[in-house]
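Heads up, start.pdb below (PDB, C-alpha atoms):
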```pdb
ATOM      1  CA  LYS A  11     -26.411   2.873  13.870
ATOM      2  CA  PHE A  12     -25.589   5.841  11.645
ATOM      3  CA  HIS A  13     -22.233   7.115  12.791
ATOM      4  CA  GLU A  14     -20.718   9.403  10.122
ATOM      5  CA  PHE A  15     -17.499   7.387  10.529
ATOM      6  CA  LYS A  16     -16.821   8.796  13.972
ATOM      7  CA  ILE A  17     -15.512   6.258  16.443
ATOM      8  CA  SER A  18     -16.617   6.599  20.035
ATOM      9  CA  GLU A  19     -14.027   6.777  22.793
ATOM     10  CA  ASN A  20     -15.064   3.300  23.913
ATOM     11  CA  SER A  21     -14.590   1.909  20.386
ATOM     12  CA  GLN A  22     -11.225   3.665  20.085
ATOM     13  CA  ARG A  23     -10.089   2.110  23.367
ATOM     14  CA  ASN A  24     -11.368  -1.298  22.216
ATOM     15  CA  LEU A  25      -9.439  -0.993  18.932
ATOM     16  CA  ARG A  26      -6.243   0.080  20.725
ATOM     17  CA  ASP A  27      -6.621  -2.857  23.122
ATOM     18  CA  LYS A  28      -7.033  -5.355  20.271
ATOM     19  CA  ILE A  29      -3.919  -4.043  18.505
ATOM     20  CA  SER A  30      -2.016  -4.077  21.780
ATOM     21  CA  TYR A  31      -3.047  -7.711  22.381
ATOM     22  CA  LEU A  32      -2.039  -8.602  18.832
ATOM     23  CA  PHE A  33       1.407  -7.142  19.480
ATOM     24  CA  GLN A  34       1.785  -8.741  22.932
ATOM     25  CA  PHE A  35       0.841 -12.224  21.752
ATOM     26  CA  ALA A  36       2.732 -12.166  18.438
ATOM     27  CA  LYS A  37       5.897 -14.220  18.518
ATOM     28  CA  SER A  38       9.042 -12.272  17.724
ATOM     29  CA  ARG A  39      10.822 -13.849  14.771
ATOM     30  CA  ARG A  40      13.525 -13.233  12.186
ATOM     31  CA  ILE A  41      12.146 -12.468   8.720
ATOM     32  CA  LYS A  42      14.103 -12.597   5.498
ATOM     33  CA  THR A  43      12.439 -10.297   2.951
ATOM     34  CA  TYR A  44      12.134 -10.968  -0.782
ATOM     35  CA  SER A  45      14.921  -8.448  -1.392
ATOM     36  CA  GLY A  46      17.242 -10.315   1.001
ATOM     37  CA  LYS A  47      17.006  -7.827   3.874
ATOM     38  CA  THR A  48      16.626  -9.295   7.367
ATOM     39  CA  ILE A  49      14.164  -8.026   9.959
ATOM     40  CA  PRO A  50      15.583  -9.392  13.245
ATOM     41  CA  ASN A  51      12.625  -9.009  15.646
ATOM     42  CA  PHE A  52       9.513  -8.907  13.492
ATOM     43  CA  LYS A  53       6.230  -9.000  15.408
ATOM     44  CA  ILE A  54       3.662  -6.769  13.726
ATOM     45  CA  CYS A  55       3.197  -5.378  10.236
ATOM     46  CA  PHE A  56       1.238  -2.148   9.799
ATOM     47  CA  LEU A  57      -0.187  -1.788   6.302
ATOM     48  CA  THR A  58      -1.975   1.219   4.785
ATOM     49  CA  LEU A  59      -4.000   0.887   1.562
ATOM     50  CA  THR A  60      -5.076   3.945  -0.439
ATOM     51  CA  LEU A  61      -6.687   4.804  -3.768
ATOM     52  CA  PRO A  62      -4.481   6.574  -6.357
ATOM     53  CA  SER A  63      -7.293   8.656  -7.824
ATOM     54  CA  GLU A  64     -10.560  10.232  -6.771
ATOM     55  CA  GLN A  65     -12.996   7.784  -5.186
ATOM     56  CA  VAL A  66     -16.053   7.285  -7.413
ATOM     57  CA  HIS A  67     -17.530   4.198  -5.735
ATOM     58  CA  THR A  68     -19.247   4.050  -2.381
ATOM     59  CA  THR A  69     -17.259   3.051   0.673
ATOM     60  CA  ALA A  70     -19.366  -0.121   0.872
ATOM     61  CA  GLU A  71     -18.443  -1.002  -2.736
ATOM     62  CA  ILE A  72     -14.730  -0.380  -2.088
ATOM     63  CA  TYR A  73     -14.941  -2.631   0.959
ATOM     64  CA  LYS A  74     -16.786  -5.437  -0.823
ATOM     65  CA  LEU A  75     -14.977  -5.266  -4.186
ATOM     66  CA  CYS A  76     -11.482  -4.286  -3.026
ATOM     67  CA  LEU A  77     -10.687  -4.809   0.654
ATOM     68  CA  GLU A  78     -12.396  -8.205   1.006
ATOM     69  CA  PRO A  79     -10.666  -9.684  -2.100
ATOM     70  CA  PHE A  80      -7.325  -8.241  -0.924
ATOM     71  CA  LEU A  81      -7.725  -9.832   2.502
ATOM     72  CA  GLU A  82      -8.644 -13.100   0.771
ATOM     73  CA  VAL A  83      -5.369 -12.959  -1.217
ATOM     74  CA  LEU A  84      -3.474 -12.430   2.038
ATOM     75  CA  ARG A  85      -5.310 -15.323   3.696
ATOM     76  CA  LYS A  86      -4.623 -17.719   0.814
ATOM     77  CA  ARG A  87      -1.122 -16.672  -0.214
ATOM     78  CA  LEU A  88       0.406 -15.551   3.103
ATOM     79  CA  LYS A  89      -1.742 -17.529   5.563
ATOM     80  CA  LEU A  90      -3.040 -14.327   7.181
ATOM     81  CA  GLN A  91      -5.012 -15.187  10.319
ATOM     82  CA  ASN A  92      -4.564 -12.556  13.008
ATOM     83  CA  TYR A  93      -5.294  -8.986  12.007
ATOM     84  CA  VAL A  94      -7.207  -5.843  12.870
ATOM     85  CA  TRP A  95      -8.289  -3.381  10.204
ATOM     86  CA  ARG A  96      -9.763   0.088  10.288
ATOM     87  CA  LEU A  97     -11.341   2.311   7.657
ATOM     88  CA  GLU A  98     -10.566   6.032   7.597
ATOM     89  CA  HIS A  99     -11.165   8.870   5.186
ATOM     90  CA  GLN A 100      -8.327  11.032   3.898
ATOM     91  CA  SER A 101      -8.624  14.817   3.745
ATOM     92  CA  ASN A 102      -9.529  14.477   0.027
ATOM     93  CA  GLY A 103     -12.527  12.297   0.975
ATOM     94  CA  ASN A 104     -11.065   9.013  -0.305
ATOM     95  CA  VAL A 105     -11.359   5.944   1.847
ATOM     96  CA  HIS A 106      -8.192   4.225   3.031
ATOM     97  CA  TYR A 107      -7.557   1.235   5.258
ATOM     98  CA  HIS A 108      -5.082   0.423   8.012
ATOM     99  CA  ILE A 109      -4.323  -3.205   8.777
ATOM    100  CA  ALA A 110      -2.254  -4.461  11.709
ATOM    101  CA  THR A 111      -1.200  -8.112  11.510
ATOM    102  CA  ASP A 112       1.391 -10.525  12.825
ATOM    103  CA  THR A 113       1.945 -11.778   9.244
ATOM    104  CA  TYR A 114       4.895 -10.347   7.331
ATOM    105  CA  ILE A 115       3.630  -8.600   4.176
ATOM    106  CA  ASP A 116       6.153  -7.450   1.594
ATOM    107  CA  TYR A 117       5.600  -3.969   0.119
ATOM    108  CA  PHE A 118       5.877  -5.119  -3.503
ATOM    109  CA  PHE A 119       3.544  -8.068  -2.924
ATOM    110  CA  ALA A 120       0.947  -5.778  -1.324
ATOM    111  CA  GLN A 121       1.312  -3.114  -4.036
ATOM    112  CA  LYS A 122       1.002  -5.620  -6.882
ATOM    113  CA  HIS A 123      -2.137  -7.276  -5.514
ATOM    114  CA  TRP A 124      -3.850  -4.129  -4.190
ATOM    115  CA  ASN A 125      -3.274  -2.299  -7.507
ATOM    116  CA  ALA A 126      -4.611  -5.284  -9.477
ATOM    117  CA  ILE A 127      -7.750  -5.344  -7.338
ATOM    118  CA  ILE A 128      -8.460  -1.602  -7.445
ATOM    119  CA  GLU A 129      -7.799  -1.582 -11.191
ATOM    120  CA  LYS A 130     -10.917  -3.727 -11.625
ATOM    121  CA  LEU A 131     -12.766  -0.522 -10.681
ATOM    122  CA  GLY A 132     -10.509   1.625 -12.903
ATOM    123  CA  TYR A 133      -8.528   3.475 -10.221
ATOM    124  CA  VAL A 134      -5.047   2.710 -11.610
ATOM    125  CA  SER A 135      -6.068   3.605 -15.195
ATOM    126  CA  LYS A 136      -7.596   6.859 -14.016
ATOM    127  CA  PHE A 137      -4.364   7.706 -12.173
ATOM    128  CA  ALA A 138      -2.230   6.727 -15.196
ATOM    129  CA  ASN A 139      -4.320   8.848 -17.560
ATOM    130  CA  LYS A 140      -4.006  11.861 -15.270
ATOM    131  CA  MET A 141      -0.242  11.437 -14.852
ATOM    132  CA  GLN A 142       0.572  10.779 -18.555
ATOM    133  CA  SER A 143       0.211  14.440 -19.447
ATOM    134  CA  LEU A 144       1.864  15.796 -16.287
ATOM    135  CA  PRO A 145       5.165  17.520 -17.179
ATOM    136  CA  TYR A 146       8.106  17.250 -14.802
ATOM    137  CA  THR A 147       7.750  20.878 -13.644
ATOM    138  CA  GLU A 148       4.153  20.255 -12.559
ATOM    139  CA  TYR A 149       5.167  16.965 -10.927
ATOM    140  CA  VAL A 150       7.730  18.860  -8.824
ATOM    141  CA  LYS A 151       5.127  21.444  -7.773
ATOM    142  CA  ARG A 152       2.692  18.733  -6.747
ATOM    143  CA  TYR A 153       5.055  16.290  -4.992
ATOM    144  CA  SER A 154       8.034  18.281  -3.691
ATOM    145  CA  LYS A 155       6.494  18.740  -0.206
ATOM    146  CA  ASN A 156       7.757  22.331   0.092
ATOM    147  CA  GLY A 157      11.260  21.524  -1.108
ATOM    148  CA  THR A 158      11.957  18.767   1.426
ATOM    149  CA  ILE A 159      12.552  16.198  -1.332
ATOM    150  CA  SER A 160      15.650  16.687  -3.469
ATOM    151  CA  PRO A 161      15.210  17.380  -7.200
ATOM    152  CA  ASP A 162      17.292  14.260  -7.992
ATOM    153  CA  ILE A 163      14.880  11.998  -6.112
ATOM    154  CA  LEU A 164      11.865  13.718  -7.657
ATOM    155  CA  TYR A 165      13.317  13.309 -11.141
ATOM    156  CA  LYS A 166      14.026   9.601 -10.555
ATOM    157  CA  ARG A 167      10.459   9.068  -9.324
ATOM    158  CA  TRP A 168       8.987  10.985 -12.264
ATOM    159  CA  ALA A 169      11.183   9.143 -14.801
ATOM    160  CA  LYS A 170      10.319   5.756 -13.250
ATOM    161  CA  GLY A 171       6.607   6.576 -13.330
ATOM    162  CA  LYS A 172       6.878   7.726 -16.942
ATOM    163  CA  ALA A 173       8.803   4.551 -17.939
ATOM    164  CA  GLU A 174       6.153   2.377 -16.263
ATOM    165  CA  LYS A 175       3.386   4.457 -17.907
ATOM    166  CA  TRP A 176       2.241   5.300 -14.359
ATOM    167  CA  ARG A 177       0.771   1.780 -13.973
ATOM    168  CA  HIS A 178       2.323   1.141 -10.508
ATOM    169  CA  PRO A 179       1.094   3.950  -8.245
ATOM    170  CA  ASN A 180       2.273   4.043  -4.652
ATOM    171  CA  THR A 181      -0.977   2.908  -3.042
ATOM    172  CA  VAL A 182       0.430   0.984  -0.085
ATOM    173  CA  ASP A 183       2.659   1.652   2.864
ATOM    174  CA  VAL A 184       4.107  -1.182   4.918
ATOM    175  CA  LYS A 185       5.874  -0.688   8.229
ATOM    176  CA  ASN A 186       7.309  -2.974  10.863
ATOM    177  CA  ALA A 187       5.904  -1.909  14.240
ATOM    178  CA  LYS A 188       8.592  -2.124  16.894
ATOM    179  CA  SER A 189       6.232  -1.612  19.845
ATOM    180  CA  SER A 190       2.502  -1.643  20.535
ATOM    181  CA  ASP A 191       2.610   2.182  20.571
ATOM    182  CA  ASN A 192       3.842   2.164  16.956
TER     183      ASN A 192
END
```
What do you get writing this file as structure tokens?
Amino acid sequence: KFHEFKISENSQRNLRDKISYLFQFAKSRRIKTYSGKTIPNFKICFLTLTLPSEQVHTTAEIYKLCLEPFLEVLRKRLKLQNYVWRLEHQSNGNVHYHIATDTYIDYFFAQKHWNAIIEKLGYVSKFANKMQSLPYTEYVKRYSKNGTISPDILYKRWAKGKAEKWRHPNTVDVKNAKSSDN
């Protein structure tokens, strides 16, 4: 059916139930991250995938050419088996995905592979080209979030982006869910 990406109350409840079951049945375990940090009671990872520049492909193309290959990488490399994903649209119209899984996914692993996949459609290059000419003062205006981020942190982020030629945009967010409500 045509649905304009609106999820019915029944579908919302069904999705919440599936995520709740995933959390309830996941075994709590100690995870040692790539950076050496320990997560003592890991159960569920909540991953968000975004595009760094304006979406120019259809949602169906992004799904087929980006999300499916990314999930395949997770299945092969991290043995991903149990997961629930959901598509949403950001306020700028770009598609983004949320994935809940009982598999630990490292931020840098996810960023590296997601960026490589979306670059096949030119999204990282488009972002890099836009950011190359952005002076620090404009960067601060765009990313300071009304002064809630210190100028030191903003400068470090800008300098790091500049040094990397803006080839590693922050397109993923990875969180450890501590309860099914998270």
Residues matched by the PyMOL selection byres ((chain A and resi 110) around 8) as number ranges by chain: A: 29, 54-57, 93-95, 108-109, 111-112
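The residue that comes closest to A:Asn92, out of A:Ala169, A:Cys76, A:Ala36, A:Ala70 and on the basis of all atoms listed in the file, is A:Ala36.
Between atom CA of A:Arg96 and atom CA of A:Val184 there is a distance of 14.9 Å.
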Please compute the atom CA of A:Lys172-atom CA of A:Gln65 distance, one decimal, in Å. 23.1 Å
Which of these, A:His106, A:Lys155, A:Lys166, A:Arg40, has the shortest distance to A:Ile128 once you count all atoms listed in the file?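 Ranking A:His106, A:Lys155, A:Lys166, A:Arg40 by distance to A:Ile128, first place goes to A:His106.
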Size and centre in Å, one decimal, axis-aligned box, all listed stretch 69-81 of chain A atoms plus 3 Å per side, as AutoDock Vina command-line options:
```
--center_x -13.3 --center_y -3.4 --center_z -0.8 --size_x 18.0 --size_y 18.9 --size_z 12.7
```
If you keep N, CA, C and O atoms, can you output stretch 21-54 of chain A as a tab-separated table (two decimals), in the first residue's frame?
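Everything below was put into part22.tsv:
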```tsv
chain	number	residue	atom	x	y	z
A	21	SER	N	1.50	-0.87	13.62
A	21	SER	CA	2.87	-1.14	13.17
A	21	SER	C	3.89	-0.60	14.18
A	21	SER	O	4.92	-1.23	14.43
A	22	GLN	N	3.61	0.56	14.74
A	22	GLN	CA	4.51	1.13	15.76
A	22	GLN	C	4.59	0.20	16.97
A	22	GLN	O	5.69	-0.06	17.48
A	23	ARG	N	3.45	-0.29	17.40
A	23	ARG	CA	3.41	-1.21	18.55
A	23	ARG	C	4.17	-2.50	18.21
A	23	ARG	O	4.96	-3.00	19.02
A	24	ASN	N	3.98	-3.00	17.00
A	24	ASN	CA	4.66	-4.21	16.55
A	24	ASN	C	6.18	-4.01	16.55
A	24	ASN	O	6.93	-4.87	17.02
A	25	LEU	N	6.63	-2.86	16.06
A	25	LEU	CA	8.06	-2.55	16.04
A	25	LEU	C	8.62	-2.44	17.45
A	25	LEU	O	9.68	-3.01	17.76
A	26	ARG	N	7.90	-1.74	18.33
A	26	ARG	CA	8.34	-1.62	19.73
A	26	ARG	C	8.42	-3.00	20.38
A	26	ARG	O	9.36	-3.30	21.12
A	27	ASP	N	7.44	-3.86	20.11
A	27	ASP	CA	7.44	-5.20	20.68
A	27	ASP	C	8.65	-6.00	20.20
A	27	ASP	O	9.30	-6.69	20.99
A	28	LYS	N	8.96	-5.92	18.91
A	28	LYS	CA	10.11	-6.67	18.37
A	28	LYS	C	11.42	-6.21	19.01
A	28	LYS	O	12.27	-7.02	19.36
A	29	ILE	N	11.58	-4.89	19.18
A	29	ILE	CA	12.79	-4.37	19.81
A	29	ILE	C	12.83	-4.78	21.28
A	29	ILE	O	13.88	-5.15	21.81
A	30	SER	N	11.69	-4.75	21.94
A	30	SER	CA	11.62	-5.17	23.33
A	30	SER	C	12.01	-6.65	23.47
A	30	SER	O	12.76	-7.02	24.37
A	31	TYR	N	11.49	-7.49	22.57
A	31	TYR	CA	11.85	-8.91	22.59
A	31	TYR	C	13.35	-9.10	22.34
A	31	TYR	O	14.00	-9.92	22.99
A	32	LEU	N	13.88	-8.34	21.39
A	32	LEU	CA	15.31	-8.43	21.09
A	32	LEU	C	16.12	-8.13	22.35
A	32	LEU	O	17.06	-8.84	22.68
A	33	PHE	N	15.71	-7.09	23.08
A	33	PHE	CA	16.42	-6.73	24.31
A	33	PHE	C	16.25	-7.80	25.38
A	33	PHE	O	17.21	-8.19	26.03
A	34	GLN	N	15.02	-8.29	25.56
A	34	GLN	CA	14.76	-9.28	26.61
A	34	GLN	C	15.52	-10.58	26.38
A	34	GLN	O	16.00	-11.20	27.33
A	35	PHE	N	15.63	-11.00	25.13
A	35	PHE	CA	16.26	-12.29	24.85
A	35	PHE	C	17.76	-12.21	24.59
A	35	PHE	O	18.42	-13.24	24.51
A	36	ALA	N	18.30	-11.01	24.47
A	36	ALA	CA	19.74	-10.86	24.26
A	36	ALA	C	20.46	-11.20	25.56
A	36	ALA	O	20.04	-10.81	26.65
A	37	LYS	N	21.54	-11.93	25.43
A	37	LYS	CA	22.33	-12.29	26.61
A	37	LYS	C	23.24	-11.13	26.98
A	37	LYS	O	23.93	-10.57	26.13
A	38	SER	N	23.23	-10.76	28.23
A	38	SER	CA	24.11	-9.72	28.73
A	38	SER	C	25.54	-10.26	28.74
A	38	SER	O	25.78	-11.36	29.20
A	39	ARG	N	26.47	-9.47	28.18
A	39	ARG	CA	27.85	-9.94	28.14
A	39	ARG	C	28.82	-8.76	28.23
A	39	ARG	O	28.46	-7.63	27.97
A	40	ARG	N	30.05	-9.09	28.59
A	40	ARG	CA	31.12	-8.09	28.69
A	40	ARG	C	31.78	-7.97	27.33
A	40	ARG	O	32.20	-8.97	26.74
A	41	ILE	N	31.87	-6.73	26.84
A	41	ILE	CA	32.48	-6.46	25.53
A	41	ILE	C	33.73	-5.63	25.73
A	41	ILE	O	33.72	-4.65	26.47
A	42	LYS	N	34.79	-6.02	25.07
A	42	LYS	CA	36.01	-5.22	25.04
A	42	LYS	C	36.06	-4.57	23.66
A	42	LYS	O	36.11	-5.26	22.64
A	43	THR	N	36.03	-3.23	23.62
A	43	THR	CA	36.00	-2.51	22.36
A	43	THR	C	37.38	-2.49	21.72
A	43	THR	O	38.38	-2.82	22.36
A	44	TYR	N	37.43	-2.06	20.46
A	44	TYR	CA	38.71	-1.96	19.74
A	44	TYR	C	39.66	-0.99	20.42
A	44	TYR	O	40.86	-1.16	20.37
A	45	SER	N	39.10	0.03	21.08
A	45	SER	CA	39.94	1.03	21.75
A	45	SER	C	40.36	0.58	23.15
A	45	SER	O	41.06	1.30	23.84
A	46	GLY	N	39.92	-0.60	23.58
A	46	GLY	CA	40.31	-1.12	24.88
A	46	GLY	C	39.30	-0.85	25.99
A	46	GLY	O	39.45	-1.34	27.10
A	47	LYS	N	38.28	-0.07	25.71
A	47	LYS	CA	37.24	0.22	26.70
A	47	LYS	C	36.40	-1.04	26.92
A	47	LYS	O	36.22	-1.84	26.02
A	48	THR	N	35.88	-1.20	28.13
A	48	THR	CA	35.04	-2.35	28.45
A	48	THR	C	33.60	-1.90	28.64
A	48	THR	O	33.33	-0.93	29.34
A	49	ILE	N	32.68	-2.62	28.03
A	49	ILE	CA	31.25	-2.41	28.25
A	49	ILE	C	30.79	-3.61	29.08
A	49	ILE	O	30.73	-4.72	28.57
A	50	PRO	N	30.49	-3.39	30.37
A	50	PRO	CA	30.25	-4.53	31.28
A	50	PRO	C	28.98	-5.34	31.02
A	50	PRO	O	28.98	-6.54	31.16
A	51	ASN	N	27.88	-4.71	30.66
A	51	ASN	CA	26.62	-5.43	30.50
A	51	ASN	C	25.99	-5.15	29.14
A	51	ASN	O	24.84	-4.75	29.05
A	52	PHE	N	26.73	-5.40	28.09
A	52	PHE	CA	26.23	-5.12	26.75
A	52	PHE	C	25.10	-6.09	26.40
A	52	PHE	O	25.22	-7.29	26.59
A	53	LYS	N	24.00	-5.53	25.87
A	53	LYS	CA	22.90	-6.36	25.37
A	53	LYS	C	22.52	-5.94	23.96
A	53	LYS	O	22.41	-6.77	23.08
A	54	ILE	N	22.28	-4.64	23.78
A	54	ILE	CA	21.75	-4.14	22.52
A	54	ILE	C	22.55	-2.93	22.05
A	54	ILE	O	22.86	-2.03	22.83
```
